[in-house]
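Take a look at the structure below.
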Amino acid sequence: MELDGRVVVVTGGTRGVGAGITRSFLAAGAQVVVCARRPPEEPVAAGGREATFVPLDLRDPAAVEEFFAGVADRHGRLDCLVNNAGGTPYRLLEEGGAERHARVVELNLIAPMTASIAAHPWLRRTRGSVVMIGSVSGTRPSPGTAAYGAAKAGLENLARSMAVEWAPEVRVNSLVLGMVRTELSHLHYGDEAGIAAVGATVPLGRLAEPSDVGEAAVFLASDRAGYVSGASLLVHGGGERPAFLDAATVNKES
C-alpha cells in the first residue's frame, strides 16, 4: 500500500476528526501511533489493523520529548506527525477570564509547536513531514471561539515558517478545515435537522466526514505531495456562501 513501512503519529487521534485521520493512514498501510490524555473506548482500527495508543499530555514538553523518543525507539523511525489535537468550547471573550482563553491558545498553537519541535530530529532522518490541522476559524471572524480562531491563524503561519526553516529535509503543510460531522456535531449544530440545515449552507451540500480529512492528510504525507511544502489545503466543501448574495434585492431569479 501507499504508506507501507511508514510510521505516523496522530495527536488526538482517538475520536472525531483524529480517528478519521488515523483510519485513513492505517488503510494506506502506515503504522499509526495515537496519543491523547485518555484512551479510546475501543482501539482505532481499519482494514484489520489497529493504531497503538500512548497516553500523553501535549502541554508537558518533557513528556512530549520522551514520547517521540519512545516512538522512534519502538518503531525505528518516524515519517509523519499530524498535529490534530485541539478544540474549544463556545465562550465569549468577556466570559471565563483571560486564563481560560489562554489555555485554548496553548492547546491549539503551543502544543502543536511543542510536538513538532520534539518530532523534528526524527523526521529529518526520514525526510518526513508535518501536517497541521487548521480551521477556517483562523481565516475569518470567529465570535464565541475567538481564542481558537486566533490560535488557528497562528498555526497556519507557524507551518509556513517551519516549512522554510526545516527545508529541504522536512515538509510542513496545513489542512484548513471547514465543518466536519463527528460524534460531537450535535453540540455545535443541534439535532439531525439542524446538522442537515447547516450542511445545506455548504456549496457541496454537506458537512465533511472525518474520512475526507484523513484522505487529504494521507496525500500530504505521501510521495505524491513530494514538492508540496508551506501550503494550506482548503478542505471546506467550497466554503461559505457570502451572506450578501441572499440579502441583496438585485440579481434574483424570478
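Naming scheme: A, B, ... for chains in displayed order of the C-alpha cells; residues 1 onward per chain; ligands 1 onward as shown.
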Practice problem: Run DSSP on the backbone of this structure and report the residues of region 182-234 of chain A it assigns to strand (DSSP E or B), as a ChimeraX atom specification. | Solution: /A:208,232-234
Please write the residues from the selection above to a file, keeping C-alpha atoms, as a CSV table (one decimal), in the first residue's frame.
```csv
chain,number,residue,atom,x,y,z
A,208,ALA,CA,-17.2,16.9,5.7
A,232,SER,CA,-2.5,25.3,3.0
A,233,LEU,CA,-5.1,23.0,1.5
A,234,LEU,CA,-8.7,24.0,2.0
```
Quiz prompt | Polymer residues at most 7 Å from region 30-40 of chain A, only C-alpha atoms, same-chain spacing of 5 or more positions, as number ranges by chain | solution = A: 3-14, 22, 25, 51-57
Quiz item: Could you pull the residues within 8 Å of region 87-93 of chain A, counting only C-alpha atoms, minus those fewer than 5 positions along the same chain, as a PyMOL selection string?
Solution: chain A and resi 98+101+104+107-108+143-146+148
Using the selection just defined, write its residues with N, CA, C and O atoms as a PDB file, in the first residue's frame.
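The resulting file, selection18.pdb, is shown below:
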```
ATOM      1  N   ALA A  98      -9.295  35.693  31.160  1.00  0.00           N
ATOM      2  CA  ALA A  98      -8.238  35.539  30.162  1.00  0.00           C
ATOM      3  C   ALA A  98      -7.531  34.200  30.265  1.00  0.00           C
ATOM      4  O   ALA A  98      -7.075  33.648  29.254  1.00  0.00           O
ATOM      5  N   HIS A 101      -9.089  31.479  28.100  1.00  0.00           N
ATOM      6  CA  HIS A 101      -8.816  31.696  26.683  1.00  0.00           C
ATOM      7  C   HIS A 101      -7.356  31.363  26.370  1.00  0.00           C
ATOM      8  O   HIS A 101      -7.050  30.826  25.303  1.00  0.00           O
ATOM      9  N   VAL A 104      -6.865  27.757  25.677  1.00  0.00           N
ATOM     10  CA  VAL A 104      -7.272  27.374  24.324  1.00  0.00           C
ATOM     11  C   VAL A 104      -6.126  27.614  23.342  1.00  0.00           C
ATOM     12  O   VAL A 104      -5.834  26.781  22.475  1.00  0.00           O
ATOM     13  N   LEU A 107      -3.417  24.897  23.831  1.00  0.00           N
ATOM     14  CA  LEU A 107      -3.732  23.597  23.245  1.00  0.00           C
ATOM     15  C   LEU A 107      -3.667  23.622  21.724  1.00  0.00           C
ATOM     16  O   LEU A 107      -3.186  22.669  21.101  1.00  0.00           O
ATOM     17  N   ASN A 108      -4.119  24.699  21.109  1.00  0.00           N
ATOM     18  CA  ASN A 108      -4.269  24.731  19.660  1.00  0.00           C
ATOM     19  C   ASN A 108      -3.077  25.331  18.912  1.00  0.00           C
ATOM     20  O   ASN A 108      -3.002  25.184  17.683  1.00  0.00           O
ATOM     21  N   PRO A 143     -16.547  34.660  16.290  1.00  0.00           N
ATOM     22  CA  PRO A 143     -17.206  35.053  17.538  1.00  0.00           C
ATOM     23  C   PRO A 143     -17.616  33.841  18.354  1.00  0.00           C
ATOM     24  O   PRO A 143     -18.147  32.871  17.830  1.00  0.00           O
ATOM     25  N   GLY A 144     -17.333  33.901  19.644  1.00  0.00           N
ATOM     26  CA  GLY A 144     -17.620  32.783  20.542  1.00  0.00           C
ATOM     27  C   GLY A 144     -16.486  31.794  20.642  1.00  0.00           C
ATOM     28  O   GLY A 144     -16.435  30.995  21.579  1.00  0.00           O
ATOM     29  N   THR A 145     -15.576  31.842  19.679  1.00  0.00           N
ATOM     30  CA  THR A 145     -14.376  30.992  19.716  1.00  0.00           C
ATOM     31  C   THR A 145     -13.175  31.811  19.255  1.00  0.00           C
ATOM     32  O   THR A 145     -12.348  31.348  18.458  1.00  0.00           O
ATOM     33  N   ALA A 146     -13.072  33.040  19.763  1.00  0.00           N
ATOM     34  CA  ALA A 146     -12.053  33.977  19.282  1.00  0.00           C
ATOM     35  C   ALA A 146     -10.640  33.474  19.545  1.00  0.00           C
ATOM     36  O   ALA A 146      -9.760  33.593  18.689  1.00  0.00           O
ATOM     37  N   TYR A 148      -9.641  30.408  19.850  1.00  0.00           N
ATOM     38  CA  TYR A 148      -9.420  29.280  18.947  1.00  0.00           C
ATOM     39  C   TYR A 148      -9.066  29.780  17.542  1.00  0.00           C
ATOM     40  O   TYR A 148      -8.116  29.310  16.916  1.00  0.00           O
TER      41      TYR A 148
END
```
Exercise. Identify, on the basis of only C-alpha atoms, every residue whose closest approach to Gly205 (chain A) does not exceed 9 Å; exclude the query and any residue fewer than 4 positions from it along the same chain; express the result as number ranges by chain.
Key: A: 196, 198-201, 237
Exercise. Using only C-alpha atoms, determine which residues lie at most 12 Å from Tyr189 (chain A), disregarding the query and same-chain residues fewer than 6 positions distant; provide the list as a PyMOL selection string.
Key: chain A and resi 179-183+195-199+207
Output for the residues just chosen: N, CA and C atoms as a short mmCIF file (atom, residue, chain, number, x, y, z; two decimals), in the first residue's frame:
```cif
data_model
loop_
_atom_site.label_atom_id
_atom_site.label_comp_id
_atom_site.auth_asym_id
_atom_site.auth_seq_id
_atom_site.Cartn_x
_atom_site.Cartn_y
_atom_site.Cartn_z
N MET A 179 -16.52 22.73 8.32
CA MET A 179 -17.32 21.99 9.30
C MET A 179 -17.24 20.49 9.01
N VAL A 180 -17.03 19.72 10.07
CA VAL A 180 -16.88 18.27 9.94
C VAL A 180 -17.91 17.59 10.84
N ARG A 181 -18.55 16.57 10.30
CA ARG A 181 -19.53 15.82 11.09
C ARG A 181 -18.82 14.79 11.95
N THR A 182 -18.96 14.91 13.26
CA THR A 182 -18.38 13.96 14.21
C THR A 182 -19.43 13.58 15.24
N GLU A 183 -19.02 12.78 16.22
CA GLU A 183 -19.94 12.39 17.29
C GLU A 183 -20.34 13.56 18.17
N ILE A 195 -28.21 19.71 11.76
CA ILE A 195 -27.00 19.33 11.05
C ILE A 195 -27.22 19.37 9.54
N ALA A 196 -28.38 18.88 9.10
CA ALA A 196 -28.70 18.91 7.67
C ALA A 196 -28.83 20.34 7.16
N ALA A 197 -29.47 21.20 7.98
CA ALA A 197 -29.65 22.59 7.56
C ALA A 197 -28.30 23.30 7.45
N VAL A 198 -27.41 23.04 8.40
CA VAL A 198 -26.08 23.64 8.34
C VAL A 198 -25.32 23.11 7.12
N GLY A 199 -25.42 21.80 6.89
CA GLY A 199 -24.75 21.22 5.74
C GLY A 199 -25.23 21.81 4.42
N LEU A 207 -21.75 18.49 5.42
CA LEU A 207 -20.55 18.63 6.22
C LEU A 207 -19.52 17.60 5.77
#
```
Exercise. Within 12 Å of Gly70 (chain A), counting only C-alpha atoms, which residues show up once you throw out same-chain ones fewer than 4 positions away? Write them as a PyMOL selection string, please.
Key: chain A and resi 9+33+54+56+63-66+74-78+118-119+122
Take the residues just selected and output them with C-alpha atoms as a PDB file, in the first residue's frame.
```
ATOM      1  CA  VAL A   9       1.847   9.937  14.865  1.00  0.00           C
ATOM      2  CA  VAL A  33       0.617   5.807  16.968  1.00  0.00           C
ATOM      3  CA  VAL A  54       0.071   6.077  24.181  1.00  0.00           C
ATOM      4  CA  LEU A  56       0.246  11.937  26.653  1.00  0.00           C
ATOM      5  CA  ALA A  63       6.690  14.252  28.338  1.00  0.00           C
ATOM      6  CA  VAL A  64       6.328  15.148  24.656  1.00  0.00           C
ATOM      7  CA  GLU A  65      10.064  14.718  24.030  1.00  0.00           C
ATOM      8  CA  GLU A  66      10.027  11.391  25.855  1.00  0.00           C
ATOM      9  CA  ARG A  74       9.972   1.176  19.303  1.00  0.00           C
ATOM     10  CA  HIS A  75       9.384   1.609  15.579  1.00  0.00           C
ATOM     11  CA  GLY A  76      12.828   2.598  14.368  1.00  0.00           C
ATOM     12  CA  ARG A  77      11.638   5.694  12.512  1.00  0.00           C
ATOM     13  CA  LEU A  78       9.091   8.494  12.269  1.00  0.00           C
ATOM     14  CA  ALA A 118      10.199  17.315  19.555  1.00  0.00           C
ATOM     15  CA  ALA A 119       9.494  15.276  16.404  1.00  0.00           C
ATOM     16  CA  TRP A 122      13.354  12.021  13.895  1.00  0.00           C
TER      17      TRP A 122
END
```
Quiz item: What is the distance between CA of Gly128 (chain A) and CA of Met113 (chain A), in Å to one decimal?
Solution: 16.3 Å
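Between Ser24 (chain A) and the residues A:Ala231, A:Val176, A:Val250, A:Ala216, the shortest atom-to-atom distance, using only C-alpha atoms, involves A:Ala216.
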Exercise. Would you please extract all alpha helix (DSSP H) residues from region 136-223 of chain A, as assigned by DSSP on the backbone, and give them as a ChimeraX atom specification?
Key: /A:146-165,185-189,192-199,210-221
Could those selected residues go to a file with N, CA and C atoms, as a compact mmCIF listing (two decimals), in the first residue's frame?
```
# COMPACT_ATOMS: atom_id res chain seq x y z
N ALA A 146 -13.07 33.04 19.76
CA ALA A 146 -12.05 33.98 19.28
C ALA A 146 -10.64 33.47 19.55
N ALA A 147 -10.40 32.92 20.73
CA ALA A 147 -9.05 32.43 21.05
C ALA A 147 -8.68 31.26 20.14
N TYR A 148 -9.64 30.41 19.85
CA TYR A 148 -9.42 29.28 18.95
C TYR A 148 -9.07 29.78 17.54
N GLY A 149 -9.84 30.74 17.04
CA GLY A 149 -9.57 31.29 15.72
C GLY A 149 -8.21 31.93 15.65
N ALA A 150 -7.84 32.67 16.69
CA ALA A 150 -6.52 33.31 16.72
C ALA A 150 -5.42 32.26 16.72
N ALA A 151 -5.62 31.19 17.49
CA ALA A 151 -4.62 30.11 17.55
C ALA A 151 -4.47 29.43 16.20
N LYS A 152 -5.58 29.17 15.51
CA LYS A 152 -5.51 28.51 14.21
C LYS A 152 -4.88 29.41 13.16
N ALA A 153 -5.10 30.71 13.26
CA ALA A 153 -4.40 31.63 12.35
C ALA A 153 -2.90 31.57 12.60
N GLY A 154 -2.52 31.54 13.87
CA GLY A 154 -1.11 31.43 14.20
C GLY A 154 -0.51 30.11 13.76
N LEU A 155 -1.30 29.03 13.84
CA LEU A 155 -0.82 27.71 13.46
C LEU A 155 -0.48 27.66 11.96
N GLU A 156 -1.31 28.27 11.16
CA GLU A 156 -1.05 28.27 9.71
C GLU A 156 0.23 29.04 9.39
N ASN A 157 0.44 30.17 10.06
CA ASN A 157 1.66 30.94 9.86
C ASN A 157 2.88 30.18 10.38
N LEU A 158 2.71 29.51 11.53
CA LEU A 158 3.80 28.70 12.08
C LEU A 158 4.22 27.63 11.07
N ALA A 159 3.24 26.97 10.45
CA ALA A 159 3.55 25.92 9.47
C ALA A 159 4.36 26.47 8.31
N ARG A 160 4.02 27.65 7.84
CA ARG A 160 4.75 28.24 6.72
C ARG A 160 6.19 28.57 7.11
N SER A 161 6.37 29.07 8.33
CA SER A 161 7.72 29.37 8.79
C SER A 161 8.53 28.10 8.99
N MET A 162 7.91 27.08 9.57
CA MET A 162 8.59 25.78 9.72
C MET A 162 9.00 25.22 8.37
N ALA A 163 8.13 25.36 7.37
CA ALA A 163 8.42 24.82 6.04
C ALA A 163 9.69 25.42 5.47
N VAL A 164 9.93 26.70 5.76
CA VAL A 164 11.15 27.36 5.26
C VAL A 164 12.35 26.96 6.10
N GLU A 165 12.20 27.00 7.42
CA GLU A 165 13.32 26.70 8.30
C GLU A 165 13.79 25.26 8.17
N SER A 185 -21.09 16.66 16.81
CA SER A 185 -21.70 17.68 15.95
C SER A 185 -22.96 18.28 16.56
N HIS A 186 -23.69 17.47 17.32
CA HIS A 186 -24.94 17.97 17.91
C HIS A 186 -24.70 19.12 18.88
N LEU A 187 -23.50 19.17 19.47
CA LEU A 187 -23.19 20.26 20.41
C LEU A 187 -23.06 21.59 19.69
N HIS A 188 -22.71 21.56 18.41
CA HIS A 188 -22.50 22.78 17.64
C HIS A 188 -23.69 23.13 16.75
N TYR A 189 -24.37 22.09 16.22
CA TYR A 189 -25.37 22.33 15.18
C TYR A 189 -26.77 21.85 15.53
N GLU A 192 -30.51 16.22 14.08
CA GLU A 192 -30.25 15.86 12.69
C GLU A 192 -30.75 16.91 11.71
N ALA A 193 -31.89 17.51 12.05
CA ALA A 193 -32.42 18.56 11.18
C ALA A 193 -31.49 19.76 11.14
N GLY A 194 -30.95 20.11 12.31
CA GLY A 194 -30.01 21.23 12.38
C GLY A 194 -28.73 20.93 11.62
N ILE A 195 -28.21 19.71 11.76
CA ILE A 195 -27.00 19.33 11.05
C ILE A 195 -27.22 19.37 9.54
N ALA A 196 -28.38 18.88 9.10
CA ALA A 196 -28.70 18.91 7.67
C ALA A 196 -28.83 20.34 7.16
N ALA A 197 -29.47 21.20 7.98
CA ALA A 197 -29.65 22.59 7.56
C ALA A 197 -28.30 23.30 7.45
N VAL A 198 -27.41 23.04 8.40
CA VAL A 198 -26.08 23.64 8.34
C VAL A 198 -25.32 23.11 7.12
N GLY A 199 -25.42 21.80 6.89
CA GLY A 199 -24.75 21.22 5.74
C GLY A 199 -25.23 21.81 4.42
N PRO A 210 -15.01 12.75 8.70
CA PRO A 210 -13.61 12.61 9.13
C PRO A 210 -12.72 11.94 8.08
N SER A 211 -13.30 11.02 7.32
CA SER A 211 -12.51 10.34 6.27
C SER A 211 -12.07 11.30 5.18
N ASP A 212 -12.87 12.34 4.90
CA ASP A 212 -12.47 13.33 3.91
C ASP A 212 -11.18 14.02 4.35
N VAL A 213 -11.10 14.34 5.63
CA VAL A 213 -9.90 14.96 6.18
C VAL A 213 -8.74 13.97 6.14
N GLY A 214 -9.02 12.71 6.51
CA GLY A 214 -7.98 11.70 6.54
C GLY A 214 -7.34 11.48 5.18
N GLU A 215 -8.15 11.43 4.12
CA GLU A 215 -7.60 11.20 2.79
C GLU A 215 -6.72 12.36 2.36
N ALA A 216 -7.09 13.58 2.73
CA ALA A 216 -6.27 14.74 2.40
C ALA A 216 -4.95 14.70 3.17
N ALA A 217 -5.00 14.26 4.43
CA ALA A 217 -3.78 14.16 5.23
C ALA A 217 -2.84 13.11 4.66
N VAL A 218 -3.39 11.98 4.22
CA VAL A 218 -2.57 10.93 3.60
C VAL A 218 -1.88 11.47 2.35
N PHE A 219 -2.60 12.23 1.55
CA PHE A 219 -2.00 12.83 0.36
C PHE A 219 -0.79 13.69 0.72
N LEU A 220 -0.96 14.58 1.71
CA LEU A 220 0.13 15.48 2.07
C LEU A 220 1.33 14.74 2.64
N ALA A 221 1.08 13.58 3.26
CA ALA A 221 2.17 12.80 3.83
C ALA A 221 2.84 11.89 2.81
```
